[in-house]
Amino acid sequence: MILILKMDRLEYKPPDKQKDLKKVFPSLILILIILIAGFLFMNSSSFNMKSVIVQGNKYMSEEEVIRIAGLPDNINILRLNTSEIKTRLSHDLRIAEAEVSRQFPGTVVLKIAERKPIAYVASSYGFMEIDKQGIILAVYKNLKKVSVPMITGVRLESGYVGDQVQNQAIQYILNYLSNLDEQTINNLSEINFSSSGSMFAYTNNSVQIRIGTNENLADKANLTKDILKEITEKKLIVDYIDLSYSSPFIKFKN
């Protein structure tokens, strides 16, 4: 037996370009509309910078922070390069951290964390203002007003603004001070590092705090905060506070 297969003839049909174009054309129009809307949105005067909010500043004025940020006048806030502004702020020695954000429709927020002076130390030039990390924030020939304690018993021969103090005795003192709150620091007038390696603090009311050696400085700082707070609240008359032993001792005046 002989099988005969009969195959239907295949017929080629070219694609309908007009039909495909009709499908693509609405998508192209939509993309074009989105691009035009985005351009108009980015350049709309409704989003022009109308105000600047400065947050976190205490020692620096708002005008100074804005000047350092270098904000262009009357610019659309969507076109601001916030990374560049943050970099400019962070490059200022007095600013430890900076954040830049937008508040619609036309406000820019500059949030900073300042390097706060924590102590002064004498130098061959005059006096150096340092923060908790030992960074020299400023150098003065004379001090007219002292808002943070003076480090005594240690003297720096040289140093420039921006340098970090490497003196070991000062590092011990900064370790102690950095564990205090701002209120307690402002209540201290002097931190002395003796030749024997012991530390002594003095309050604005001439109460001596015998800190002792550089051991357990964080714990001693916490005790300092609690004891000085209690002395203030109860209006106690104290001669000295001794933290050099495992148990703190308070000597009252007769």
# chains A, B, ... in the order shown; residues from 1 in each chain; ligands from 1

$ residues_around --residues "segment 120-126 of chain A" --least-positions-apart "3" --cutoff "9 Å" --atoms "only C-alpha atoms" --output "PyMOL selection string"
chain A and resi 117+129-131+139-143+146+148-152+154-159+170

$ residues_around --residues "Ser90 of chain A" --least-positions-apart "4" --cutoff "10 Å" --atoms "only C-alpha atoms" --output "JSON, numbers by chain"
{"A": [68, 69, 84, 85, 86, 94, 95, 96, 97, 98, 99, 112, 113, 114]}

$ write_last_selection --atoms "N, CA, C and O atoms" --output "short mmCIF file (atom, residue, chain, number, x, y, z; two decimals), in the first residue's frame"
data_model
loop_
_atom_site.label_atom_id
_atom_site.label_comp_id
_atom_site.auth_asym_id
_atom_site.auth_seq_id
_atom_site.Cartn_x
_atom_site.Cartn_y
_atom_site.Cartn_z
N ILE A 68 27.15 79.37 55.22
CA ILE A 68 28.05 78.23 54.96
C ILE A 68 27.41 77.25 53.99
O ILE A 68 28.09 76.66 53.14
N ALA A 69 26.08 77.07 54.10
CA ALA A 69 25.38 76.15 53.20
C ALA A 69 25.45 76.60 51.75
O ALA A 69 25.43 75.77 50.83
N GLU A 84 25.71 68.24 48.03
CA GLU A 84 26.72 69.30 48.01
C GLU A 84 26.56 70.24 49.19
O GLU A 84 27.55 70.66 49.80
N ILE A 85 25.31 70.57 49.52
CA ILE A 85 25.06 71.46 50.65
C ILE A 85 25.51 70.81 51.95
O ILE A 85 26.14 71.44 52.81
N LYS A 86 25.21 69.51 52.11
CA LYS A 86 25.63 68.77 53.30
C LYS A 86 27.15 68.75 53.41
O LYS A 86 27.71 68.90 54.51
N ARG A 94 33.20 73.63 63.03
CA ARG A 94 32.27 73.73 64.16
C ARG A 94 31.07 72.80 64.05
O ARG A 94 30.32 72.63 65.01
N ILE A 95 30.89 72.19 62.88
CA ILE A 95 29.74 71.33 62.65
C ILE A 95 30.19 69.87 62.60
O ILE A 95 31.02 69.49 61.76
N ALA A 96 29.65 69.06 63.51
CA ALA A 96 30.02 67.63 63.56
C ALA A 96 29.20 66.82 62.56
O ALA A 96 29.73 65.92 61.90
N GLU A 97 27.91 67.12 62.44
CA GLU A 97 27.03 66.39 61.52
C GLU A 97 26.05 67.37 60.89
O GLU A 97 25.71 68.40 61.49
N ALA A 98 25.58 67.03 59.69
CA ALA A 98 24.63 67.90 59.00
C ALA A 98 23.65 67.07 58.18
O ALA A 98 24.01 66.04 57.62
N GLU A 99 22.40 67.53 58.14
CA GLU A 99 21.37 66.92 57.31
C GLU A 99 20.64 68.02 56.55
O GLU A 99 20.39 69.09 57.10
N ILE A 112 21.77 70.65 61.99
CA ILE A 112 23.18 70.44 62.28
C ILE A 112 23.38 69.98 63.73
O ILE A 112 22.51 70.18 64.59
N ALA A 113 24.50 69.31 63.95
CA ALA A 113 24.95 68.98 65.31
C ALA A 113 26.30 69.65 65.47
O ALA A 113 27.25 69.35 64.75
N GLU A 114 26.36 70.61 66.37
CA GLU A 114 27.57 71.39 66.55
C GLU A 114 28.61 70.64 67.40
O GLU A 114 28.27 69.82 68.24
#

$ select_by_dssp --residues "segment 88-245 of chain A" --states "strand (DSSP E)" --output "count of residues only"
59

$ closest_residue --among "A:Lys50, A:Lys145, A:Lys234, A:Arg67" --to "Asp92 of chain A" --atoms "only C-alpha atoms"
A:Arg67

$ residues_around --residues "Ser244 of chain A" --least-positions-apart "3" --cutoff "10 Å" --atoms "only C-alpha atoms" --output "compact mmCIF listing (two decimals) with C-alpha atoms, in the first residue's frame"
# COMPACT_ATOMS: atom_id res chain seq x y z
CA SER A 198 45.23 62.23 90.24
CA MET A 199 42.42 64.45 88.97
CA PHE A 200 40.49 67.09 90.90
CA ILE A 209 35.66 66.75 93.69
CA ARG A 210 38.45 64.25 94.20
CA ILE A 211 38.22 62.14 91.07
CA GLY A 212 41.39 60.15 91.64
CA THR A 213 43.15 58.18 88.92
CA ASN A 214 41.92 57.47 85.39
CA GLU A 215 40.09 54.28 86.41
CA ASN A 216 36.29 53.98 86.03
CA LYS A 220 32.80 58.62 88.49
CA ILE A 241 33.40 65.01 97.42
CA SER A 247 32.30 54.11 97.80
CA PRO A 248 31.90 57.88 97.33
CA PHE A 249 32.39 60.08 100.40

$ select_by_dssp --residues "segment 169-221 of chain A" --states "alpha helix (DSSP H)" --output "mmCIF file with C-alpha atoms, in the first residue's frame"
data_model
loop_
_atom_site.group_PDB
_atom_site.id
_atom_site.type_symbol
_atom_site.label_atom_id
_atom_site.label_comp_id
_atom_site.auth_asym_id
_atom_site.auth_seq_id
_atom_site.Cartn_x
_atom_site.Cartn_y
_atom_site.Cartn_z
ATOM 1 C CA ALA A 169 46.431 63.581 80.633
ATOM 2 C CA ILE A 170 44.002 65.759 78.658
ATOM 3 C CA GLN A 171 42.489 62.647 77.072
ATOM 4 C CA TYR A 172 41.746 61.287 80.575
ATOM 5 C CA ILE A 173 40.072 64.560 81.541
ATOM 6 C CA LEU A 174 38.020 64.621 78.336
ATOM 7 C CA ASN A 175 36.909 61.043 78.996
ATOM 8 C CA TYR A 176 35.538 62.178 82.355
ATOM 9 C CA LEU A 177 33.941 65.368 81.011
ATOM 10 C CA SER A 178 32.335 63.648 77.999
ATOM 11 C CA GLU A 182 25.820 70.003 79.851
ATOM 12 C CA GLN A 183 24.352 71.301 83.100
ATOM 13 C CA THR A 184 27.026 69.572 85.190
ATOM 14 C CA ILE A 185 29.841 70.750 82.906
ATOM 15 C CA ASN A 186 28.611 74.330 83.218
ATOM 16 C CA LEU A 217 35.937 57.561 84.794
ATOM 17 C CA ALA A 218 32.470 56.960 83.307
ATOM 18 C CA ASP A 219 31.185 55.697 86.674
ATOM 19 C CA LYS A 220 32.797 58.621 88.489
ATOM 20 C CA ALA A 221 31.162 61.043 86.041
#

$ atom_distance --atom1 "atom CA of Val108 of chain A" --atom2 "atom CA of Val52 of chain A"
4.9 Å

$ residues_around --residues "Ile77 of chain A" --least-positions-apart "3" --cutoff "9 Å" --atoms "only C-alpha atoms" --output "ChimeraX atom specification"
/A:42,47-49,74,80-81,102-108

$ closest_residue --among "A:Arg88, A:Lys111, A:Asp73, A:Ile231" --to "Gly56 of chain A" --atoms "only C-alpha atoms"
A:Lys111
